[in-house]
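Q: What follows is the file final-v9.json, containing JSON, C-alpha atoms:
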[["chain", "number", "residue", "atom", "x", "y", "z"],
["A", 1, "MET", "CA", -17.02, -4.55, 8.46],
["A", 2, "LEU", "CA", -13.87, -5.69, 10.16],
["A", 3, "ASP", "CA", -14.25, -8.12, 13.02],
["A", 4, "ASP", "CA", -11.07, -7.18, 14.85],
["A", 5, "SER", "CA", -10.94, -5.56, 18.26],
["A", 6, "SER", "CA", -7.24, -4.64, 17.97],
["A", 7, "ILE", "CA", -8.04, -1.62, 15.79],
["A", 8, "LYS", "CA", -10.53, 0.82, 17.21],
["A", 9, "ASN", "CA", -12.08, 4.03, 15.98],
["A", 10, "TYR", "CA", -11.84, 3.80, 12.21],
["A", 11, "TYR", "CA", -14.04, 5.15, 9.43],
["A", 12, "ASP", "CA", -16.62, 2.95, 7.73],
["A", 13, "PHE", "CA", -15.22, 1.70, 4.46],
["A", 14, "GLU", "CA", -16.67, 0.18, 1.33],
["A", 15, "PHE", "CA", -15.00, -2.67, -0.52],
["A", 16, "GLN", "CA", -15.18, -3.18, -4.26],
["A", 17, "ASP", "CA", -13.97, -6.52, -5.60],
["A", 18, "GLY", "CA", -12.46, -7.23, -9.00],
["A", 19, "ASN", "CA", -9.02, -7.93, -10.44],
["A", 20, "ASP", "CA", -7.89, -5.10, -8.19],
["A", 21, "LYS", "CA", -9.35, -4.81, -4.71],
["A", 22, "SER", "CA", -10.52, -1.30, -3.88],
["A", 23, "TYR", "CA", -11.59, 0.30, -0.63],
["A", 24, "PHE", "CA", -13.22, 3.70, -0.13],
["A", 25, "PHE", "CA", -13.78, 5.79, 2.98],
["A", 26, "GLU", "CA", -14.89, 9.31, 3.84],
["A", 27, "THR", "CA", -13.29, 11.33, 6.63],
["A", 28, "LYS", "CA", -15.15, 13.61, 9.04],
["A", 29, "ASN", "CA", -13.98, 16.55, 6.88],
["A", 30, "GLY", "CA", -15.63, 15.15, 3.77],
["A", 31, "TYR", "CA", -12.45, 13.86, 2.12],
["A", 32, "PHE", "CA", -12.78, 10.63, 0.16],
["A", 33, "TYR", "CA", -9.84, 8.26, -0.01],
["A", 34, "GLN", "CA", -9.44, 5.24, -2.23],
["A", 35, "ILE", "CA", -7.06, 2.43, -1.43],
["A", 36, "LYS", "CA", -6.27, -0.06, -4.13],
["A", 37, "PHE", "CA", -4.52, -3.39, -3.92],
["A", 38, "LYS", "CA", -3.54, -3.71, -7.54],
["A", 39, "GLU", "CA", -2.88, -7.21, -8.82],
["A", 40, "SER", "CA", 0.73, -7.12, -10.04],
["A", 41, "SER", "CA", 1.97, -10.54, -11.03],
["A", 42, "TYR", "CA", 5.16, -9.07, -12.56],
["A", 43, "LEU", "CA", 6.51, -8.21, -9.11],
["A", 44, "PHE", "CA", 7.48, -11.77, -8.33],
["A", 45, "SER", "CA", 7.37, -13.20, -11.83],
["A", 46, "PRO", "CA", 10.42, -15.47, -11.29],
["A", 47, "ILE", "CA", 8.56, -17.26, -8.47],
["A", 48, "LYS", "CA", 5.45, -18.83, -9.93],
["A", 49, "THR", "CA", 3.80, -19.77, -6.61],
["A", 50, "ILE", "CA", 3.91, -16.19, -5.34],
["A", 51, "SER", "CA", 3.30, -14.26, -8.52],
["A", 52, "PRO", "CA", -0.55, -14.53, -8.65],
["A", 53, "ASN", "CA", -0.87, -13.20, -5.09],
["A", 54, "SER", "CA", 1.25, -10.08, -5.53],
["A", 55, "PHE", "CA", -0.33, -6.67, -5.08],
["A", 56, "GLU", "CA", 0.76, -3.06, -5.18],
["A", 57, "PHE", "CA", -0.70, -0.87, -2.46],
["A", 58, "VAL", "CA", -1.84, 2.55, -3.72],
["A", 59, "VAL", "CA", -3.65, 5.19, -1.67],
["A", 60, "ASP", "CA", -4.96, 8.52, -2.89],
["A", 61, "LEU", "CA", -7.23, 11.37, -1.91],
["A", 62, "VAL", "CA", -9.76, 11.15, -4.74],
["A", 63, "TYR", "CA", -12.21, 13.85, -3.64],
["A", 64, "PRO", "CA", -11.86, 16.82, -3.51],
["A", 65, "GLN", "CA", -9.09, 16.70, -6.08],
["A", 66, "GLY", "CA", -6.16, 19.12, -6.21],
["A", 67, "ASN", "CA", -6.53, 19.95, -2.52],
["A", 68, "SER", "CA", -3.10, 20.46, -1.02],
["A", 69, "LYS", "CA", -4.40, 21.63, 2.38],
["A", 70, "VAL", "CA", -5.29, 18.27, 3.85],
["A", 71, "ILE", "CA", -6.19, 18.49, 7.54],
["A", 72, "LEU", "CA", -4.42, 16.05, 9.85],
["A", 73, "ASP", "CA", -6.82, 13.35, 10.94],
["A", 74, "SER", "CA", -5.86, 10.77, 13.55],
["A", 75, "VAL", "CA", -8.57, 8.34, 12.40],
["A", 76, "ILE", "CA", -7.01, 7.86, 8.95],
["A", 77, "PRO", "CA", -4.07, 5.70, 10.18],
["A", 78, "SER", "CA", -6.38, 3.31, 12.03],
["A", 79, "THR", "CA", -8.69, 3.16, 9.00],
["A", 80, "VAL", "CA", -5.78, 2.25, 6.71],
["A", 81, "ALA", "CA", -4.65, -0.40, 9.21],
["A", 82, "ALA", "CA", -8.22, -1.81, 9.42],
["A", 83, "ILE", "CA", -8.37, -1.97, 5.61],
["A", 84, "PHE", "CA", -5.02, -3.79, 5.45],
["A", 85, "LYS", "CA", -6.29, -6.33, 7.93],
["A", 86, "ASP", "CA", -9.56, -6.76, 6.03],
["A", 87, "PHE", "CA", -7.61, -7.32, 2.82],
["A", 88, "PHE", "CA", -5.41, -9.99, 4.39],
["A", 89, "LYS", "CA", -8.46, -11.72, 5.86],
["A", 90, "SER", "CA", -9.51, -12.79, 2.35],
["A", 91, "ASN", "CA", -6.01, -12.75, 0.80],
["A", 92, "GLY", "CA", -3.96, -14.60, 3.39],
["A", 93, "LEU", "CA", -1.35, -15.55, 0.81],
["A", 94, "GLY", "CA", -1.04, -11.98, -0.40],
["A", 95, "THR", "CA", 2.25, -10.17, -0.80],
["A", 96, "VAL", "CA", 1.76, -6.41, -0.71],
["A", 97, "VAL", "CA", 4.39, -3.99, -1.95],
["A", 98, "TYR", "CA", 4.34, -0.23, -1.39],
["A", 99, "ILE", "CA", 6.62, 2.15, -3.24],
["A", 100, "ILE", "CA", 7.15, 5.71, -2.09],
["A", 101, "ASP", "CA", 7.17, 8.50, -4.64],
["A", 102, "SER", "CA", 10.58, 10.16, -4.65],
["A", 103, "SER", "CA", 10.03, 12.73, -7.39],
["A", 104, "ASP", "CA", 9.91, 15.77, -5.07],
["A", 105, "SER", "CA", 12.41, 14.88, -2.30],
["A", 106, "ARG", "CA", 9.61, 14.36, 0.25],
["A", 107, "GLN", "CA", 10.03, 10.59, 0.34],
["A", 108, "SER", "CA", 11.26, 10.48, 3.95],
["A", 109, "ALA", "CA", 8.08, 12.22, 5.20],
["A", 110, "ARG", "CA", 5.94, 9.86, 3.13],
["A", 111, "LYS", "CA", 7.79, 6.88, 4.54],
["A", 112, "ARG", "CA", 7.18, 8.07, 8.11],
["A", 113, "LYS", "CA", 3.48, 8.43, 7.32],
["A", 114, "PHE", "CA", 3.23, 4.93, 5.85],
["A", 115, "ASP", "CA", 5.12, 3.49, 8.83],
["A", 116, "SER", "CA", 2.73, 5.22, 11.24],
["A", 117, "TRP", "CA", -0.22, 3.55, 9.50],
["A", 118, "VAL", "CA", 1.11, 0.02, 9.64],
["A", 119, "GLU", "CA", 2.56, 0.40, 13.14],
["A", 120, "LEU", "CA", -1.02, -0.08, 14.28],
["A", 121, "PHE", "CA", -0.75, -3.78, 13.39],
["A", 122, "LYS", "CA", -0.27, -5.22, 16.82],
["A", 123, "GLY", "CA", 1.30, -8.60, 17.49],
["A", 124, "ASP", "CA", 3.38, -10.92, 15.35],
["A", 125, "ASP", "CA", 0.86, -11.74, 12.62],
["A", 126, "PHE", "CA", 2.50, -9.50, 10.04],
["A", 127, "PHE", "CA", 6.01, -9.04, 8.76],
["A", 128, "LYS", "CA", 7.29, -5.91, 7.02],
["A", 129, "VAL", "CA", 10.49, -5.55, 5.06],
["A", 130, "ASP", "CA", 11.69, -2.01, 4.37],
["A", 131, "ALA", "CA", 14.12, -1.76, 1.51],
["A", 132, "GLU", "CA", 16.07, 1.19, 0.19],
["A", 133, "ILE", "CA", 16.71, 1.08, -3.51],
["A", 134, "ILE", "CA", 19.45, 3.43, -4.70],
["A", 135, "ASP", "CA", 19.49, 4.26, -8.38],
["A", 136, "LEU", "CA", 22.55, 5.19, -10.44],
["A", 137, "GLU", "CA", 22.02, 8.91, -9.69],
["A", 138, "LYS", "CA", 22.13, 8.00, -5.98],
["A", 139, "ASN", "CA", 18.41, 8.78, -5.46],
["A", 140, "LYS", "CA", 16.95, 6.80, -2.59],
["A", 141, "ILE", "CA", 13.65, 5.04, -3.30],
["A", 142, "TYR", "CA", 11.85, 3.54, -0.31],
["A", 143, "SER", "CA", 9.85, 0.39, -0.74],
["A", 144, "SER", "CA", 8.09, -1.86, 1.75],
["A", 145, "LEU", "CA", 6.71, -5.36, 1.58],
["A", 146, "ILE", "CA", 4.07, -6.73, 3.95],
["A", 147, "ILE", "CA", 3.10, -10.37, 4.32],
["A", 148, "LYS", "CA", 1.54, -12.54, 6.98],
["A", 149, "THR", "CA", 4.06, -14.43, 9.08],
["A", 150, "ASP", "CA", 2.22, -17.71, 8.40],
["A", 151, "ASN", "CA", 2.55, -17.33, 4.62],
["A", 152, "PRO", "CA", 3.78, -20.75, 3.39],
["A", 153, "ASN", "CA", 6.17, -19.01, 0.97],
["A", 154, "PHE", "CA", 7.51, -16.68, 3.66],
["A", 155, "ASN", "CA", 11.24, -17.52, 3.29],
["A", 156, "GLU", "CA", 11.18, -17.44, -0.48],
["A", 157, "ILE", "CA", 9.40, -14.05, -0.56],
["A", 158, "ILE", "CA", 11.76, -12.41, 1.95],
["A", 159, "LYS", "CA", 14.83, -13.83, 0.22],
["A", 160, "TYR", "CA", 13.70, -12.62, -3.20],
["A", 161, "PHE", "CA", 12.66, -9.15, -2.01],
["A", 162, "GLY", "CA", 15.91, -8.80, -0.05],
["A", 163, "SER", "CA", 17.96, -9.74, -3.09],
["A", 164, "LEU", "CA", 16.35, -6.91, -5.04],
["A", 165, "SER", "CA", 17.74, -4.21, -2.80],
["A", 166, "SER", "CA", 21.21, -5.68, -2.47],
["A", 167, "THR", "CA", 24.18, -3.70, -3.67],
["A", 168, "TYR", "CA", 25.03, -4.01, -7.33],
["A", 169, "SER", "CA", 28.09, -6.10, -7.94],
["A", 170, "LYS", "CA", 29.51, -7.05, -11.32],
["B", 1, "MET", "CA", 4.27, -6.21, 13.29],
["B", 2, "ILE", "CA", 7.82, -7.40, 12.90],
["B", 3, "THR", "CA", 10.00, -5.15, 10.74],
["B", 4, "LEU", "CA", 13.21, -5.88, 8.93],
["B", 5, "THR", "CA", 15.16, -3.05, 7.27],
["B", 6, "ILE", "CA", 17.52, -3.62, 4.38],
["B", 7, "LYS", "CA", 19.84, -0.73, 3.58],
["B", 8, "SER", "CA", 22.10, -0.37, 0.63],
["B", 9, "LYS", "CA", 25.36, 1.61, 0.67],
["B", 10, "GLY", "CA", 25.86, 1.69, -3.07],
["B", 11, "PRO", "CA", 23.64, 1.53, -6.13],
["B", 12, "SER", "CA", 21.12, -1.31, -6.06],
["B", 13, "SER", "CA", 21.12, -4.04, -8.67],
["B", 14, "PRO", "CA", 19.84, -3.14, -12.17],
["B", 15, "GLN", "CA", 16.94, -5.53, -11.52],
["B", 16, "ALA", "CA", 15.98, -3.60, -8.35],
["B", 17, "ILE", "CA", 16.23, -0.22, -10.06],
["B", 18, "ASP", "CA", 14.13, -1.49, -12.96],
["B", 19, "LEU", "CA", 11.47, -2.85, -10.60],
["B", 20, "ALA", "CA", 11.36, 0.43, -8.62],
["B", 21, "LYS", "CA", 10.86, 2.38, -11.85],
["B", 22, "LYS", "CA", 8.06, 0.03, -12.93],
["B", 23, "LEU", "CA", 6.37, 0.37, -9.52],
["B", 24, "LEU", "CA", 6.60, 4.17, -9.55],
["B", 25, "GLU", "CA", 5.17, 4.34, -13.05],
["B", 26, "SER", "CA", 2.39, 1.91, -12.16],
["B", 27, "LYS", "CA", 1.54, 3.91, -9.02],
["B", 28, "LYS", "CA", 1.29, 7.14, -11.02],
["B", 29, "GLN", "CA", -0.99, 5.47, -13.56],
["B", 30, "THR", "CA", -3.17, 3.89, -10.86],
["B", 31, "GLN", "CA", -3.61, 7.22, -9.06],
["B", 32, "ALA", "CA", -4.67, 8.84, -12.35],
["B", 33, "GLU", "CA", -7.22, 6.02, -12.87],
["B", 34, "MET", "CA", -8.52, 6.44, -9.32],
["B", 35, "ARG", "CA", -9.04, 10.19, -9.81],
["B", 36, "GLU", "CA", -10.80, 9.49, -13.09],
["B", 37, "PHE", "CA", -13.06, 6.94, -11.38],
["B", 38, "ALA", "CA", -13.99, 9.57, -8.77],
["B", 39, "ARG", "CA", -15.71, 11.52, -11.55],
["B", 40, "THR", "CA", -18.05, 8.65, -12.47],
["B", 41, "ASP", "CA", -21.62, 7.84, -11.40],
["B", 42, "GLU", "CA", -20.34, 4.57, -9.94],
["B", 43, "PHE", "CA", -18.22, 6.55, -7.50],
["B", 44, "GLN", "CA", -21.25, 8.69, -6.58],
["B", 45, "THR", "CA", -23.15, 5.49, -5.75],
["B", 46, "ILE", "CA", -20.34, 4.48, -3.38],
["B", 47, "VAL", "CA", -20.44, 7.94, -1.78],
["B", 48, "LYS", "CA", -24.19, 7.60, -1.27],
["B", 49, "ARG", "CA", -23.90, 4.15, 0.30],
["B", 50, "LEU", "CA", -21.12, 5.25, 2.67],
["B", 51, "ARG", "CA", -23.14, 8.29, 3.78],
["B", 52, "GLU", "CA", -26.29, 6.21, 4.27],
["B", 53, "LYS", "CA", -24.29, 3.81, 6.43],
["B", 54, "LYS", "CA", -22.88, 6.72, 8.46],
["B", 55, "ASN", "CA", -26.30, 8.35, 8.92],
["B", 56, "ALA", "CA", -27.87, 5.06, 9.97],
["B", 57, "ARG", "CA", -25.53, 4.78, 12.96]]
Could you quickly redo this structure as structure tokens?
A:
Amino acid sequence: MLDDSSIKNYYDFEFQDGNDKSYFFETKNGYFYQIKFKESSYLFSPIKTISPNSFEFVVDLVYPQGNSKVILDSVIPSTVAAIFKDFFKSNGLGTVVYIIDSSDSRQSARKRKFDSWVELFKGDDFFKVDAEIIDLEKNKIYSSLIIKTDNPNFNEIIKYFGSLSSTYSK
Amino acid sequence: MITLTIKSKGPSSPQAIDLAKKLLESKKQTQAEMREFARTDEFQTIVKRLREKKNAR
């Protein structure tokens, strides 16, 4: 369990190691969530020092499935934050990228939810970059990157991620 | 948490759009795998352990 007094009142979680790092927790209403940090070396493939420590963050309600009436639960944000911190404890060099599904025009609400989870990271230990990617049909795709501020490749990571969302110029 | 926001007024670079598409596709696939895993005995073992931990408190 997490040894960190900055995040209080979170659900017990179970960690499963492997190529991808998975976490599971059950809410008081019997909902099971899985969080996966999926190893994704292609994200930063041009930068060889960063590439092996790149992960995609994916969260999903895995049980019960097909349940659209999810009850609001204030303990979920602190649990997600505790899991993030636990992940970074053993993956200090990790670069985590989160992409927000934009297929049903609810991306702004999803972004607010993600931001509310990671807002619980107090202090200056973590750095988040929010980037808007606009495709050729002018759809807005939100993406965020989270790293530790003491990451030795900090400047290179921020510069590369920033360059990805820059305006297209011929 | 320190946050930096990068906004784009026009279309992003082809490289950025391509990466976003790859990430969205990967996320969809990962969520499908996670839901599949939730139907396995291995997942049931995790459920059991989490509930035992909760009941022991």
Q: Mind running chain B against chain A at 7 Å and telling me each contacting residue's nearest atom pair with the distance in Å (one decimal), counting only C-alpha atoms, chain and number ascending, as JSON lines?
A:
{"residue": "B:Met1", "atom": "CA", "partner": "A:Phe126", "partner_atom": "CA", "distance": 5.0}
{"residue": "B:Ile2", "atom": "CA", "partner": "A:Phe127", "partner_atom": "CA", "distance": 4.8}
{"residue": "B:Thr3", "atom": "CA", "partner": "A:Lys128", "partner_atom": "CA", "distance": 4.7}
{"residue": "B:Leu4", "atom": "CA", "partner": "A:Val129", "partner_atom": "CA", "distance": 4.7}
{"residue": "B:Thr5", "atom": "CA", "partner": "A:Asp130", "partner_atom": "CA", "distance": 4.6}
{"residue": "B:Ile6", "atom": "CA", "partner": "A:Ala131", "partner_atom": "CA", "distance": 4.8}
{"residue": "B:Lys7", "atom": "CA", "partner": "A:Glu132", "partner_atom": "CA", "distance": 5.4}
{"residue": "B:Ser8", "atom": "CA", "partner": "A:Thr167", "partner_atom": "CA", "distance": 5.8}
{"residue": "B:Lys9", "atom": "CA", "partner": "A:Thr167", "partner_atom": "CA", "distance": 7.0}
{"residue": "B:Gly10", "atom": "CA", "partner": "A:Thr167", "partner_atom": "CA", "distance": 5.7}
{"residue": "B:Pro11", "atom": "CA", "partner": "A:Ile134", "partner_atom": "CA", "distance": 4.8}
{"residue": "B:Ser12", "atom": "CA", "partner": "A:Thr167", "partner_atom": "CA", "distance": 4.6}
{"residue": "B:Ser13", "atom": "CA", "partner": "A:Tyr168", "partner_atom": "CA", "distance": 4.1}
{"residue": "B:Gln15", "atom": "CA", "partner": "A:Leu164", "partner_atom": "CA", "distance": 6.7}
{"residue": "B:Ala16", "atom": "CA", "partner": "A:Leu164", "partner_atom": "CA", "distance": 4.7}
{"residue": "B:Ile17", "atom": "CA", "partner": "A:Asp135", "partner_atom": "CA", "distance": 5.8}
{"residue": "B:Leu23", "atom": "CA", "partner": "A:Ile99", "partner_atom": "CA", "distance": 6.5}
{"residue": "B:Leu24", "atom": "CA", "partner": "A:Asp101", "partner_atom": "CA", "distance": 6.6}
{"residue": "B:Lys27", "atom": "CA", "partner": "A:Val58", "partner_atom": "CA", "distance": 6.4}
{"residue": "B:Gln31", "atom": "CA", "partner": "A:Asp60", "partner_atom": "CA", "distance": 6.4}
{"residue": "B:Met34", "atom": "CA", "partner": "A:Val62", "partner_atom": "CA", "distance": 6.7}
{"residue": "B:Arg35", "atom": "CA", "partner": "A:Val62", "partner_atom": "CA", "distance": 5.2}
{"residue": "B:Ala38", "atom": "CA", "partner": "A:Val62", "partner_atom": "CA", "distance": 6.1}
{"residue": "B:Leu50", "atom": "CA", "partner": "A:Glu14", "partner_atom": "CA", "distance": 6.9}
Q: Interatomic distance between CA of Lys21 (chain A) and CA of Phe55 (chain A)?
A: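 Between these atoms lies a distance of 9.2 Å.
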Q: Between CA of Ser74 (chain A) and CA of Gly30 (chain A), what is the distance in Å, rounded to a tenth?
A: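 About the pair CA of Ser74 (chain A) and CA of Gly30 (chain A): they are 14.5 Å apart.
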Q: Mind giving me the straight-line distance from CA of Asp17 (chain A) to CA of Asp86 (chain A) in Å, one decimal?
A: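 CA of Asp86 (chain A) lies at a distance of 12.4 Å from CA of Asp17 (chain A).
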